[in-house]
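S.K.: See work04.txt below, with compact mmCIF, C-alpha atoms.
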```
# COMPACT_ATOMS: atom_id res chain seq x y z
CA MET A 1 -23.56 37.00 -21.30
CA ARG A 2 -25.03 38.91 -18.38
CA ILE A 3 -24.61 37.94 -14.75
CA SER A 4 -28.15 36.44 -14.72
CA GLU A 5 -27.26 34.15 -17.62
CA LEU A 6 -23.94 33.25 -15.97
CA SER A 7 -25.95 32.28 -12.92
CA ALA A 8 -28.35 30.14 -14.97
CA GLN A 9 -25.52 28.38 -16.83
CA SER A 10 -23.37 27.73 -13.78
CA GLY A 11 -26.09 27.02 -11.24
CA VAL A 12 -24.53 29.56 -8.88
CA THR A 13 -26.85 32.28 -7.55
CA VAL A 14 -26.25 35.93 -8.50
CA PRO A 15 -25.51 37.04 -4.88
CA THR A 16 -22.93 34.24 -4.60
CA ILE A 17 -21.33 35.24 -7.91
CA LYS A 18 -21.11 38.82 -6.62
CA TYR A 19 -19.50 37.54 -3.43
CA TYR A 20 -16.86 35.65 -5.46
CA LEU A 21 -16.23 38.83 -7.48
CA ARG A 22 -15.75 40.86 -4.29
CA GLU A 23 -13.45 38.18 -2.83
CA GLY A 24 -11.33 38.25 -5.98
CA LEU A 25 -11.99 34.58 -6.78
CA LEU A 26 -13.78 35.32 -10.04
CA PRO A 27 -12.28 37.87 -12.46
CA GLU A 28 -14.48 40.87 -13.34
CA GLY A 29 -16.49 40.62 -16.57
CA GLU A 30 -15.86 43.04 -19.40
CA ARG A 31 -17.67 46.35 -18.76
CA SER A 32 -20.37 46.69 -21.41
CA ALA A 33 -22.13 49.63 -19.72
CA PRO A 34 -21.55 51.55 -16.45
CA THR A 35 -23.70 49.11 -14.50
CA GLN A 36 -23.28 46.03 -16.67
CA ALA A 37 -20.51 43.53 -17.34
CA ALA A 38 -20.25 40.72 -19.87
CA TYR A 39 -19.14 37.22 -18.83
CA GLY A 40 -17.89 34.34 -20.96
CA SER A 41 -17.34 30.59 -20.89
CA LEU A 42 -14.13 31.08 -18.90
CA HIS A 43 -16.26 32.47 -16.08
CA VAL A 44 -18.54 29.42 -16.19
CA GLN A 45 -15.50 27.12 -16.02
CA ARG A 46 -13.92 29.13 -13.21
CA LEU A 47 -17.14 28.97 -11.18
CA GLY A 48 -17.01 25.17 -11.43
CA VAL A 49 -13.46 25.17 -10.08
CA ILE A 50 -14.33 27.60 -7.25
CA ARG A 51 -17.35 25.54 -6.15
CA ALA A 52 -15.36 22.31 -6.24
CA LEU A 53 -12.56 23.78 -4.12
CA LEU A 54 -14.86 25.36 -1.54
CA ASP A 55 -16.99 22.20 -1.35
CA ALA A 56 -13.81 20.19 -0.77
CA GLY A 57 -13.28 22.22 2.40
CA VAL A 58 -10.59 24.51 0.95
CA SER A 59 -10.92 27.96 2.59
CA VAL A 60 -11.64 31.14 0.61
CA ALA A 61 -8.08 32.36 1.19
CA GLU A 62 -6.59 29.03 0.08
CA THR A 63 -8.91 28.93 -2.94
CA ARG A 64 -7.63 32.39 -3.92
CA ARG A 65 -4.06 31.07 -3.76
CA VAL A 66 -4.88 27.89 -5.72
CA LEU A 67 -6.54 30.01 -8.43
CA GLY A 68 -3.49 32.26 -8.40
CA ALA A 69 -1.31 29.23 -9.14
CA LEU A 70 -3.67 28.32 -12.01
CA ASP A 71 -3.55 31.85 -13.46
CA ASP A 72 0.11 32.60 -13.01
CA PRO A 73 1.84 29.24 -12.99
CA PRO A 74 5.54 28.71 -12.37
CA SER A 75 7.36 27.37 -15.40
CA SER A 76 8.15 23.78 -14.36
CA PRO A 77 5.65 21.09 -13.36
CA HIS A 78 7.67 20.50 -10.19
CA GLU A 79 7.43 24.15 -9.10
CA LEU A 80 3.73 24.04 -9.97
CA LEU A 81 3.20 21.24 -7.50
CA GLY A 82 5.03 23.30 -4.91
CA ALA A 83 2.73 26.28 -5.60
CA ALA A 84 -0.38 24.10 -5.36
CA HIS A 85 0.79 22.58 -2.10
CA ALA A 86 1.87 25.95 -0.68
CA ALA A 87 -1.65 27.27 -1.33
CA ILE A 88 -3.18 24.67 0.96
CA THR A 89 -0.36 24.15 3.49
CA ARG A 90 -0.06 26.05 6.76
CA PRO A 91 3.41 27.52 7.34
CA ALA A 92 5.49 25.16 9.47
CA ASP A 93 5.33 25.91 13.20
CA GLU A 94 8.58 27.01 14.75
CA GLY A 95 7.98 24.77 17.74
CA VAL A 96 7.35 21.49 15.94
CA SER A 97 10.33 19.18 15.61
CA VAL A 98 10.61 17.55 12.20
CA ASP A 99 13.04 14.80 13.30
CA ALA A 100 10.41 12.06 13.58
CA ALA A 101 8.79 13.27 10.35
CA GLU A 102 12.14 13.08 8.54
CA ARG A 103 12.72 9.53 9.75
CA LEU A 104 9.24 8.53 8.61
CA VAL A 105 9.30 10.10 5.14
CA ALA A 106 12.67 8.51 4.40
CA GLY A 107 10.44 5.53 3.59
CA LEU A 108 8.90 7.56 0.75
CA GLY A 109 12.27 8.16 -0.86
CA TRP A 110 12.59 11.56 0.80
CA LYS A 111 16.06 13.05 1.25
CA PRO A 112 16.97 16.45 2.81
CA GLY A 113 15.85 19.16 0.40
CA ALA A 114 13.57 16.84 -1.58
CA CYS A 115 10.40 18.67 -0.55
CA ASP A 116 9.09 21.96 0.75
CA PRO A 117 9.80 22.35 4.52
CA ASP A 118 6.17 23.39 5.11
CA VAL A 119 4.92 20.08 3.69
CA LEU A 120 7.33 18.21 5.95
CA GLY A 121 5.98 20.40 8.77
CA ASP A 122 2.50 19.05 7.97
CA VAL A 123 3.75 15.51 8.55
CA ALA A 124 5.34 16.62 11.84
CA ARG A 125 2.08 18.30 12.92
CA ALA A 126 0.06 15.18 12.08
CA LEU A 127 2.46 12.97 14.05
CA ASP A 128 2.29 15.41 16.94
CA GLY A 129 -1.53 15.20 16.93
CA LEU A 130 -1.42 11.42 17.05
CA GLU A 131 1.07 11.49 19.92
CA ARG A 132 -0.95 13.98 21.95
CA ALA A 133 -4.02 11.78 21.53
CA GLY A 134 -1.97 8.83 22.74
CA PHE A 135 -2.44 7.02 19.44
CA GLU A 136 0.25 4.85 17.91
CA VAL A 137 0.10 3.62 14.33
CA PRO A 138 0.97 -0.10 14.63
CA ASP A 139 4.43 -1.01 13.32
CA GLY A 140 3.06 -3.28 10.62
CA VAL A 141 0.74 -0.59 9.25
CA LEU A 142 3.25 2.22 8.69
CA PRO A 143 5.26 0.44 5.96
CA VAL A 144 2.00 -0.29 4.12
CA TYR A 145 1.03 3.40 4.31
CA LEU A 146 4.40 4.48 2.93
CA GLN A 147 4.47 1.92 0.14
CA SER A 148 0.85 2.57 -0.91
CA ILE A 149 1.20 6.34 -0.84
CA ARG A 150 4.40 6.25 -2.84
CA ALA A 151 2.67 4.00 -5.41
CA MET A 152 -0.20 6.51 -5.71
CA ALA A 153 2.17 9.48 -6.09
CA ASP A 154 4.23 7.67 -8.72
CA ALA A 155 1.10 6.89 -10.75
CA GLU A 156 -0.08 10.51 -10.46
CA VAL A 157 3.24 12.00 -11.51
CA ALA A 158 3.64 9.50 -14.36
CA ALA A 159 0.23 10.61 -15.71
CA THR A 160 1.04 14.34 -15.71
CA PRO A 161 -0.01 15.61 -19.15
CA THR A 162 2.87 17.28 -20.96
CA GLU A 163 1.13 18.13 -24.24
CA SER A 164 0.25 21.61 -23.03
CA ALA A 165 1.29 23.79 -20.13
CA GLU A 166 -2.35 24.58 -19.36
CA ALA A 167 -3.28 20.91 -19.09
CA ALA A 168 -0.29 20.30 -16.80
CA VAL A 169 -1.29 23.22 -14.59
CA ARG A 170 -4.88 22.06 -14.20
CA TYR A 171 -3.80 18.49 -13.58
CA VAL A 172 -1.21 19.27 -10.94
CA VAL A 173 -3.04 22.02 -9.06
CA LEU A 174 -6.53 20.51 -9.07
CA GLY A 175 -5.30 16.92 -8.84
CA SER A 176 -3.31 17.49 -5.69
CA VAL A 177 -6.07 19.50 -3.98
CA LEU A 178 -9.35 18.04 -5.24
CA VAL A 179 -8.44 14.38 -5.13
CA GLU A 180 -7.91 14.53 -1.34
CA PRO A 181 -11.63 14.24 -0.44
CA LEU A 182 -11.96 11.35 -2.89
CA LEU A 183 -9.08 9.44 -1.32
CA LEU A 184 -10.39 10.00 2.22
CA ALA A 185 -13.89 8.87 1.20
CA LEU A 186 -12.50 5.80 -0.59
CA ARG A 187 -10.47 4.98 2.53
CA ARG A 188 -13.62 4.98 4.67
CA VAL A 189 -15.37 2.65 2.22
CA ALA A 190 -12.35 0.34 2.12
CA GLU A 191 -12.13 0.32 5.93
CA GLN A 192 -15.79 -0.61 6.22
CA VAL A 193 -15.50 -3.35 3.60
CA ALA A 194 -12.33 -4.78 5.16
CA SER A 195 -13.84 -4.50 8.64
CA ALA A 196 -17.06 -6.26 7.59
CA GLU A 197 -14.96 -9.06 6.11
CA ARG A 198 -13.01 -9.47 9.35
CA PHE A 199 -15.54 -8.59 12.05
CA GLY A 200 -18.92 -8.89 10.38
CA SER A 201 -19.70 -12.14 12.19
CA GLU A 202 -21.20 -12.99 15.56
CA ILE A 203 -17.93 -14.57 16.67
CA SER A 204 -15.84 -11.41 16.87
CA ARG A 205 -18.71 -9.53 18.46
CA GLY A 206 -18.65 -12.06 21.31
CA ALA A 207 -14.86 -11.95 21.52
CA VAL A 208 -14.81 -8.25 22.24
CA LYS A 209 -17.68 -8.35 24.73
CA GLU A 210 -15.82 -11.06 26.64
CA ASP A 211 -13.05 -8.64 27.54
CA ARG A 212 -15.24 -6.12 29.30
CA MET B 1 -6.26 18.15 41.02
CA ARG B 2 -7.64 21.66 40.53
CA ILE B 3 -8.37 23.21 37.16
CA SER B 4 -5.13 25.23 37.38
CA GLU B 5 -3.10 22.03 37.81
CA LEU B 6 -5.03 20.35 35.01
CA SER B 7 -4.06 23.31 32.84
CA ALA B 8 -0.40 23.03 33.81
CA GLN B 9 -0.29 19.28 33.21
CA SER B 10 -2.13 19.36 29.88
CA GLY B 11 -0.74 22.59 28.47
CA VAL B 12 -4.30 23.80 27.79
CA THR B 13 -5.22 27.21 29.23
CA VAL B 14 -7.91 27.48 31.93
CA PRO B 15 -10.34 29.51 29.73
CA THR B 16 -10.02 26.87 26.99
CA ILE B 17 -10.66 24.06 29.48
CA LYS B 18 -13.77 25.96 30.64
CA TYR B 19 -14.87 26.28 27.03
CA TYR B 20 -14.50 22.51 26.51
CA LEU B 21 -16.53 21.93 29.70
CA ARG B 22 -19.31 24.25 28.44
CA GLU B 23 -19.28 22.54 25.02
CA GLY B 24 -19.65 19.15 26.67
CA LEU B 25 -16.36 17.86 25.25
CA LEU B 26 -14.72 17.41 28.65
CA PRO B 27 -16.70 15.78 31.47
CA GLU B 28 -17.19 17.84 34.63
CA GLY B 29 -14.75 17.21 37.46
CA GLU B 30 -15.96 15.90 40.78
CA ARG B 31 -17.40 18.73 42.89
CA SER B 32 -15.13 19.17 45.91
CA ALA B 33 -16.70 22.48 47.02
CA PRO B 34 -19.48 24.71 45.64
CA THR B 35 -17.00 26.58 43.41
CA GLN B 36 -14.37 23.88 43.04
CA ALA B 37 -14.07 20.63 41.10
CA ALA B 38 -11.42 17.93 41.16
CA TYR B 39 -9.93 16.58 37.94
CA GLY B 40 -7.97 13.39 37.33
CA SER B 41 -5.64 11.72 34.84
CA LEU B 42 -8.60 10.81 32.64
CA HIS B 43 -9.20 14.53 32.11
CA VAL B 44 -5.57 15.02 31.09
CA GLN B 45 -5.86 12.16 28.60
CA ARG B 46 -9.20 13.43 27.28
CA LEU B 47 -7.72 16.90 26.74
CA GLY B 48 -5.01 15.32 24.57
CA VAL B 49 -7.65 13.62 22.44
CA ILE B 50 -9.74 16.81 22.14
CA ARG B 51 -6.75 18.91 21.06
CA ALA B 52 -5.65 16.32 18.52
CA LEU B 53 -9.14 16.11 16.96
CA LEU B 54 -9.65 19.87 16.80
CA ASP B 55 -6.14 20.41 15.42
CA ALA B 56 -6.86 17.80 12.75
CA GLY B 57 -9.66 20.06 11.52
CA VAL B 58 -12.49 18.05 13.08
CA SER B 59 -15.27 20.47 14.10
CA VAL B 60 -16.46 20.90 17.69
CA ALA B 61 -19.74 19.12 16.85
CA GLU B 62 -17.93 16.22 15.16
CA THR B 63 -15.45 16.02 18.05
CA ARG B 64 -18.39 15.72 20.46
CA ARG B 65 -19.73 12.80 18.38
CA VAL B 66 -16.31 11.09 18.14
CA LEU B 67 -15.93 11.38 21.92
CA GLY B 68 -19.44 9.99 22.30
CA ALA B 69 -18.39 6.93 20.29
CA LEU B 70 -15.35 6.54 22.58
CA ASP B 71 -17.47 6.83 25.74
CA ASP B 72 -20.43 4.75 24.69
CA PRO B 73 -19.11 2.34 22.07
CA PRO B 74 -21.24 -0.13 20.11
CA SER B 75 -20.40 -3.72 20.93
CA SER B 76 -18.68 -4.90 17.74
CA PRO B 77 -15.53 -3.44 16.17
CA HIS B 78 -17.37 -3.19 12.88
CA GLU B 79 -20.18 -1.08 14.36
CA LEU B 80 -17.54 1.00 16.11
CA LEU B 81 -16.00 1.91 12.80
CA GLY B 82 -19.45 2.90 11.58
CA ALA B 83 -19.92 5.16 14.62
CA ALA B 84 -16.50 6.76 14.12
CA HIS B 85 -17.21 7.39 10.45
CA ALA B 86 -20.72 8.64 11.12
CA ALA B 87 -19.29 11.23 13.51
CA ILE B 88 -17.21 12.81 10.76
CA THR B 89 -19.40 12.15 7.71
CA ARG B 90 -22.00 14.58 6.39
CA PRO B 91 -25.39 12.97 5.75
CA ALA B 92 -25.68 11.94 2.09
CA ASP B 93 -27.31 14.58 -0.11
CA GLU B 94 -30.62 13.57 -1.61
CA GLY B 95 -29.60 15.04 -4.95
CA VAL B 96 -26.29 13.25 -5.44
CA SER B 97 -26.39 10.11 -7.55
CA VAL B 98 -24.31 7.26 -6.17
CA ASP B 99 -24.21 5.24 -9.41
CA ALA B 100 -20.71 6.35 -10.42
CA ALA B 101 -19.54 5.96 -6.83
CA GLU B 102 -20.89 2.40 -6.70
CA ARG B 103 -19.10 1.48 -9.91
CA LEU B 104 -15.86 2.94 -8.57
CA VAL B 105 -15.91 1.34 -5.12
CA ALA B 106 -16.62 -2.08 -6.62
CA GLY B 107 -12.85 -2.00 -7.14
CA LEU B 108 -12.43 -1.92 -3.35
CA GLY B 109 -14.44 -5.11 -2.90
CA TRP B 110 -17.60 -3.12 -2.13
CA LYS B 111 -20.97 -4.83 -2.68
CA PRO B 112 -24.45 -3.37 -2.05
CA GLY B 113 -24.91 -3.06 1.70
CA ALA B 114 -21.21 -3.44 2.47
CA CYS B 115 -20.89 0.07 3.85
CA ASP B 116 -22.84 2.94 5.35
CA PRO B 117 -24.77 4.87 2.61
CA ASP B 118 -23.44 8.17 3.97
CA VAL B 119 -19.86 7.05 3.40
CA LEU B 120 -20.74 6.05 -0.16
CA GLY B 121 -22.37 9.49 -0.45
CA ASP B 122 -19.00 11.03 0.45
CA VAL B 123 -17.43 9.25 -2.53
CA ALA B 124 -20.26 10.51 -4.75
CA ARG B 125 -19.79 14.06 -3.48
CA ALA B 126 -16.03 13.92 -4.11
CA LEU B 127 -16.59 12.62 -7.66
CA ASP B 128 -19.15 15.36 -8.21
CA GLY B 129 -16.64 18.00 -7.11
CA LEU B 130 -14.03 16.69 -9.53
CA GLU B 131 -16.54 16.67 -12.37
CA ARG B 132 -17.72 20.21 -11.68
CA ALA B 133 -14.12 21.38 -11.73
CA GLY B 134 -13.66 19.63 -15.08
CA PHE B 135 -11.02 17.33 -13.59
CA GLU B 136 -10.65 13.73 -14.66
CA VAL B 137 -8.52 11.23 -12.77
CA PRO B 138 -6.50 9.51 -15.52
CA ASP B 139 -7.58 5.93 -16.24
CA GLY B 140 -4.24 4.47 -15.22
CA VAL B 141 -4.27 6.24 -11.86
CA LEU B 142 -7.66 5.09 -10.54
CA PRO B 143 -6.76 1.38 -10.28
CA VAL B 144 -3.62 2.32 -8.34
CA TYR B 145 -5.72 4.41 -5.93
CA LEU B 146 -8.13 1.54 -5.34
CA GLN B 147 -5.44 -1.07 -4.88
CA SER B 148 -3.33 1.11 -2.58
CA ILE B 149 -6.27 2.20 -0.45
CA ARG B 150 -7.53 -1.33 -0.06
CA ALA B 151 -4.03 -2.43 0.99
CA MET B 152 -3.95 0.30 3.64
CA ALA B 153 -7.41 -0.58 4.96
CA ASP B 154 -6.54 -4.29 5.11
CA ALA B 155 -3.41 -3.54 7.13
CA GLU B 156 -5.36 -1.26 9.48
CA VAL B 157 -8.13 -3.76 10.09
CA ALA B 158 -5.67 -6.65 10.53
CA ALA B 159 -3.92 -4.63 13.25
CA THR B 160 -7.09 -3.91 15.27
CA PRO B 161 -6.24 -4.81 18.87
CA THR B 162 -8.64 -7.40 20.26
CA GLU B 163 -7.10 -7.87 23.71
CA SER B 164 -9.43 -5.28 25.24
CA ALA B 165 -12.56 -3.51 24.14
CA GLU B 166 -11.12 -0.17 25.25
CA ALA B 167 -8.02 -0.62 23.11
CA ALA B 168 -10.19 -1.57 20.12
CA VAL B 169 -12.36 1.52 20.60
CA ARG B 170 -9.43 3.89 20.78
CA TYR B 171 -7.75 2.27 17.80
CA VAL B 172 -10.76 2.29 15.52
CA VAL B 173 -12.19 5.70 16.41
CA LEU B 174 -8.95 7.66 16.63
CA GLY B 175 -7.23 5.68 13.88
CA SER B 176 -9.88 6.37 11.29
CA VAL B 177 -10.15 10.07 12.17
CA LEU B 178 -6.67 11.15 13.26
CA VAL B 179 -4.65 9.29 10.66
CA GLU B 180 -6.30 11.25 7.82
CA PRO B 181 -4.09 14.35 8.19
CA LEU B 182 -1.02 12.10 8.33
CA LEU B 183 -1.95 10.34 5.09
CA LEU B 184 -2.67 13.62 3.28
CA ALA B 185 0.62 15.10 4.47
CA LEU B 186 2.54 11.97 3.46
CA ARG B 187 0.87 12.12 0.04
CA ARG B 188 2.14 15.67 -0.50
CA VAL B 189 5.66 14.63 0.43
CA ALA B 190 5.48 11.60 -1.88
CA GLU B 191 4.14 13.75 -4.73
CA GLN B 192 6.97 16.23 -4.32
CA VAL B 193 9.59 13.47 -4.16
CA ALA B 194 8.15 11.65 -7.21
CA SER B 195 7.78 14.94 -9.08
CA ALA B 196 11.36 15.99 -8.34
CA GLU B 197 12.54 12.63 -9.64
CA ARG B 198 10.60 13.06 -12.87
CA PHE B 199 10.65 16.81 -13.48
CA GLY B 200 13.48 18.11 -11.31
CA SER B 201 15.80 18.61 -14.27
CA GLU B 202 16.33 21.42 -16.76
CA ILE B 203 15.13 19.20 -19.60
CA SER B 204 11.51 18.86 -18.51
CA ARG B 205 11.38 22.53 -17.58
CA GLY B 206 12.28 23.34 -21.21
CA ALA B 207 9.82 20.77 -22.56
CA VAL B 208 6.86 22.45 -20.90
CA LYS B 209 7.90 25.99 -21.86
CA GLU B 210 8.12 24.86 -25.49
CA ASP B 211 4.37 24.22 -25.54
CA ARG B 212 3.33 27.73 -24.57
```
Would you mind writing the structure in this file as structure tokens?
M.R.:
Amino acid sequence: MRISELSAQSGVTVPTIKYYLREGLLPEGERSAPTQAAYGSLHVQRLGVIRALLDAGVSVAETRRVLGALDDPPSSPHELLGAAHAAITRPADEGVSVDAAERLVAGLGWKPGACDPDVLGDVARALDGLERAGFEVPDGVLPVYLQSIRAMADAEVAATPTESAEAAVRYVVLGSVLVEPLLLALRRVAEQVASAERFGSEISRGAVKEDR
Amino acid sequence: MRISELSAQSGVTVPTIKYYLREGLLPEGERSAPTQAAYGSLHVQRLGVIRALLDAGVSVAETRRVLGALDDPPSSPHELLGAAHAAITRPADEGVSVDAAERLVAGLGWKPGACDPDVLGDVARALDGLERAGFEVPDGVLPVYLQSIRAMADAEVAATPTESAEAAVRYVVLGSVLVEPLLLALRRVAEQVASAERFGSEISRGAVKEDR
């Protein structure tokens, strides 16, 4: 199909498609004439993936790396996950100490060497941000975080499709990246529901005002 | 203290402090002379919060709204949470249907009216992104997400400090916003640990290659 048809089928405008071509996110179509290229269903599918990643807040450079992991996957599912995470993880800062992060992730079953240092660096950076803001996660909450997150990761890994390499690649790469906005949005809903159940009454409203 | 001392104490450069002042993130110091202002410990603390929010990927505009919720909090903890979420939530798109989102969040204890429509819109947008990318969360994984996320939210809400309004404000606003990067980073660690446990052997590596 021509670029105009690709646009109609995918819902992405022609100028945007051309931008993705220039940025190397979308592979070139097959040249059918000096000024014309032919596109196929793979291009439609790829446009859906590109839009979903960019909409999820993944940068153009990260999207290029995620797509690279989809196109040229490492051979084992475990390395795949590493490639997907590497695409969206900043390199660890030299200055950030990972000691506190290591102590924390021990609760996830982590042992030295069990994950990419950059991913551990992300935990360290997040802890650092909380500390600089003077915020402490209450003691009783941290174990619940660790237990719940480990339960989610176990369920995800257990559901990795193994019937084809392509299905495994899509599942691991897109699942680790694209599910993040869903989990954050679900957390906000759950917080509001739990908060309404605890504080949604006049009583607690008065209790807080009292302290001012 | 002068702006140079504020810079030394906070580790934020003077030009950056001036930028935060211009952007309305940091309140002006007290004028001590026509070209001089005096800053206090509240400015040091506020700089820590600003840096943590910006480093967590919160935009300047969102940071301004989060700080607004800290400075001028609604009276109930539940409304506070709404203000914190509103600061970092895009307004719901007119075009996005929330039907699938409503069905999903019923598993979190959600009922009509139990949360801000914009937050529900975030769930709808995330589901939409997954669908456009052709990604389906496996049936067995979704219930684990819902259960785990509800457990985390319950623990967070149960730990809300009620001894002072200021402590409640800081906890709710910063906790909902700043803990997000920590949870995402912990999820990546947990995924890598769980994946190494399942796929870290030669056997599974061979099993996937076989299918190519």
S.K.: Using all atoms listed in the file for the distances, tell me which of B:Asp118, B:Asp128, B:Asp139, B:Glu102 is nearest to A:Gly48.
M.R.: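 So, comparing all the options, the nearest one is B:Asp128.
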S.K.: With a distance cut-off of 8 Å and only C-alpha atoms, select the neighbouring residues of A:Leu26, excluding the residue or stretch itself and same-chain residues fewer than 4 positions from it, and output the selection as a list in words.
M.R.: Ile17, Tyr20, Leu21, His43, Arg46 and Leu47 of chain A
S.K.: Kindly indicate which residue among B:Glu23, B:Glu62, B:Asp99, B:Asp55 lies nearest to chain A, using only C-alpha atoms for the distances.
M.R.: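 Once distances to chain A are computed over only C-alpha atoms, the minimum belongs to B:Asp55.
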S.K.: Pick out the residues sitting within 9 Å of B:Gly134, and hand them over as a list in words; count only C-alpha atoms, and ignore anything fewer than 5 positions along from it in its own chain.
M.R.: Gln45, Gly48 and Val49 of chain A; Gly129 of chain B
S.K.: Between atom CA of B:Lys18 and atom CA of B:Ile50, what is the spacing in Å?
M.R.: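 Calculated distance between atom CA of B:Ile50 and atom CA of B:Lys18 is 13.1 Å.
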S.K.: Take atom CA of B:Glu191 and atom CA of B:Tyr171 and report the distance between them in Å, one decimal.
M.R.: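 Atom CA of B:Tyr171 lies 27.9 Å from atom CA of B:Glu191.
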S.K.: Would you mind telling me which residue in B:Val137, B:Ala124, B:Ala83, B:Ala52 lies nearest to chain A when using all atoms listed in the file?
M.R.: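 Among the listed residues, the smallest separation from chain A belongs to B:Ala52.
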S.K.: Identify which of the residues B:Leu81, B:Val14, B:Ile88, B:Leu70 lies closest to chain A, counting all atoms listed in the file when measuring atom-to-atom distances.
M.R.: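 Between B:Leu81, B:Val14, B:Ile88, B:Leu70, the residue approaching chain A most closely is B:Leu81.
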S.K.: Determine, counting all atoms listed in the file, which protein, DNA and RNA residues have an atom within 8 Å of an atom of stretch 147-160 of chain A; residues of the same chain fewer than 4 positions away are not included. Present the result as a count of residues only.
M.R.: 23
S.K.: Within 10 Å of A:Gly68, counting only C-alpha atoms, which residues show up once you throw out same-chain ones fewer than 5 positions away? Write them as a ChimeraX atom specification, please.
M.R.: /A:25,62-63,73,83-84,87
S.K.: Atom CA of B:Asp72 and atom CA of B:Glu30, how far apart in Å?
M.R.: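 Atom CA of B:Asp72 lies at a distance of 20.1 Å from atom CA of B:Glu30.
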S.K.: For chain A, which residue among B:Arg103, B:Arg31, B:Arg51, B:Arg65 is the nearest when counting all atoms listed in the file?
M.R.: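 For chain A, the nearest of the given residues is B:Arg51.
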S.K.: Please determine, counting only C-alpha atoms, which residue among B:Ile3, B:Leu42, B:Ala33, B:Leu120 has the shortest atom-to-atom distance to A:Leu182.
M.R.: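 The shortest atom-to-atom distance to A:Leu182 comes from B:Leu120.
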S.K.: Please report, as lines of an AutoDock Vina configuration file, the centre and edge lengths in Å to one decimal of an axis-aligned box covering all listed atoms of stretch 144-162 of chain A with 5 Å per side.
M.R.:
```
center_x = 2.1
center_y = 8.5
center_z = -8.3
size_x = 14.7
size_y = 27.6
size_z = 35.3
```
S.K.: Please write N, CA and C atoms of stretch 18-30 of chain A, from the structure given just now, as a PDB file, in the first residue's frame.
M.R.:
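Result went into selection-v3.pdb, see below:
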```
ATOM      1  N   LYS A  18       6.310  10.098   8.128  1.00  0.00           N
ATOM      2  CA  LYS A  18       7.600  10.495   7.540  1.00  0.00           C
ATOM      3  C   LYS A  18       8.620  10.817   8.626  1.00  0.00           C
ATOM      4  N   TYR A  19       8.139  11.419   9.722  1.00  0.00           N
ATOM      5  CA  TYR A  19       9.025  11.703  10.845  1.00  0.00           C
ATOM      6  C   TYR A  19       9.573  10.399  11.436  1.00  0.00           C
ATOM      7  N   TYR A  20       8.690   9.403  11.619  1.00  0.00           N
ATOM      8  CA  TYR A  20       9.147   8.116  12.167  1.00  0.00           C
ATOM      9  C   TYR A  20      10.154   7.448  11.218  1.00  0.00           C
ATOM     10  N   LEU A  21       9.933   7.617   9.904  1.00  0.00           N
ATOM     11  CA  LEU A  21      10.883   7.050   8.931  1.00  0.00           C
ATOM     12  C   LEU A  21      12.245   7.722   9.087  1.00  0.00           C
ATOM     13  N   ARG A  22      12.231   9.061   9.167  1.00  0.00           N
ATOM     14  CA  ARG A  22      13.493   9.804   9.328  1.00  0.00           C
ATOM     15  C   ARG A  22      14.208   9.439  10.616  1.00  0.00           C
ATOM     16  N   GLU A  23      13.416   9.214  11.700  1.00  0.00           N
ATOM     17  CA  GLU A  23      14.008   8.902  13.002  1.00  0.00           C
ATOM     18  C   GLU A  23      14.446   7.435  13.106  1.00  0.00           C
ATOM     19  N   GLY A  24      14.169   6.667  12.043  1.00  0.00           N
ATOM     20  CA  GLY A  24      14.581   5.268  12.059  1.00  0.00           C
ATOM     21  C   GLY A  24      13.710   4.389  12.941  1.00  0.00           C
ATOM     22  N   LEU A  25      12.515   4.859  13.293  1.00  0.00           N
ATOM     23  CA  LEU A  25      11.617   4.036  14.116  1.00  0.00           C
ATOM     24  C   LEU A  25      10.843   3.065  13.233  1.00  0.00           C
ATOM     25  N   LEU A  26      10.502   3.529  12.055  1.00  0.00           N
ATOM     26  CA  LEU A  26       9.716   2.720  11.113  1.00  0.00           C
ATOM     27  C   LEU A  26      10.632   2.345   9.951  1.00  0.00           C
ATOM     28  N   PRO A  27      10.699   1.038   9.594  1.00  0.00           N
ATOM     29  CA  PRO A  27      11.570   0.680   8.465  1.00  0.00           C
ATOM     30  C   PRO A  27      11.011   1.245   7.147  1.00  0.00           C
ATOM     31  N   GLU A  28      11.910   1.555   6.219  1.00  0.00           N
ATOM     32  CA  GLU A  28      11.510   2.060   4.904  1.00  0.00           C
ATOM     33  C   GLU A  28      10.602   1.043   4.213  1.00  0.00           C
ATOM     34  N   GLY A  29       9.645   1.523   3.398  1.00  0.00           N
ATOM     35  CA  GLY A  29       8.856   0.624   2.572  1.00  0.00           C
ATOM     36  C   GLY A  29       9.696   0.150   1.394  1.00  0.00           C
ATOM     37  N   GLU A  30       9.140  -0.776   0.634  1.00  0.00           N
ATOM     38  CA  GLU A  30       9.869  -1.267  -0.532  1.00  0.00           C
ATOM     39  C   GLU A  30       9.713  -0.260  -1.667  1.00  0.00           C
TER      40      GLU A  30
END
```
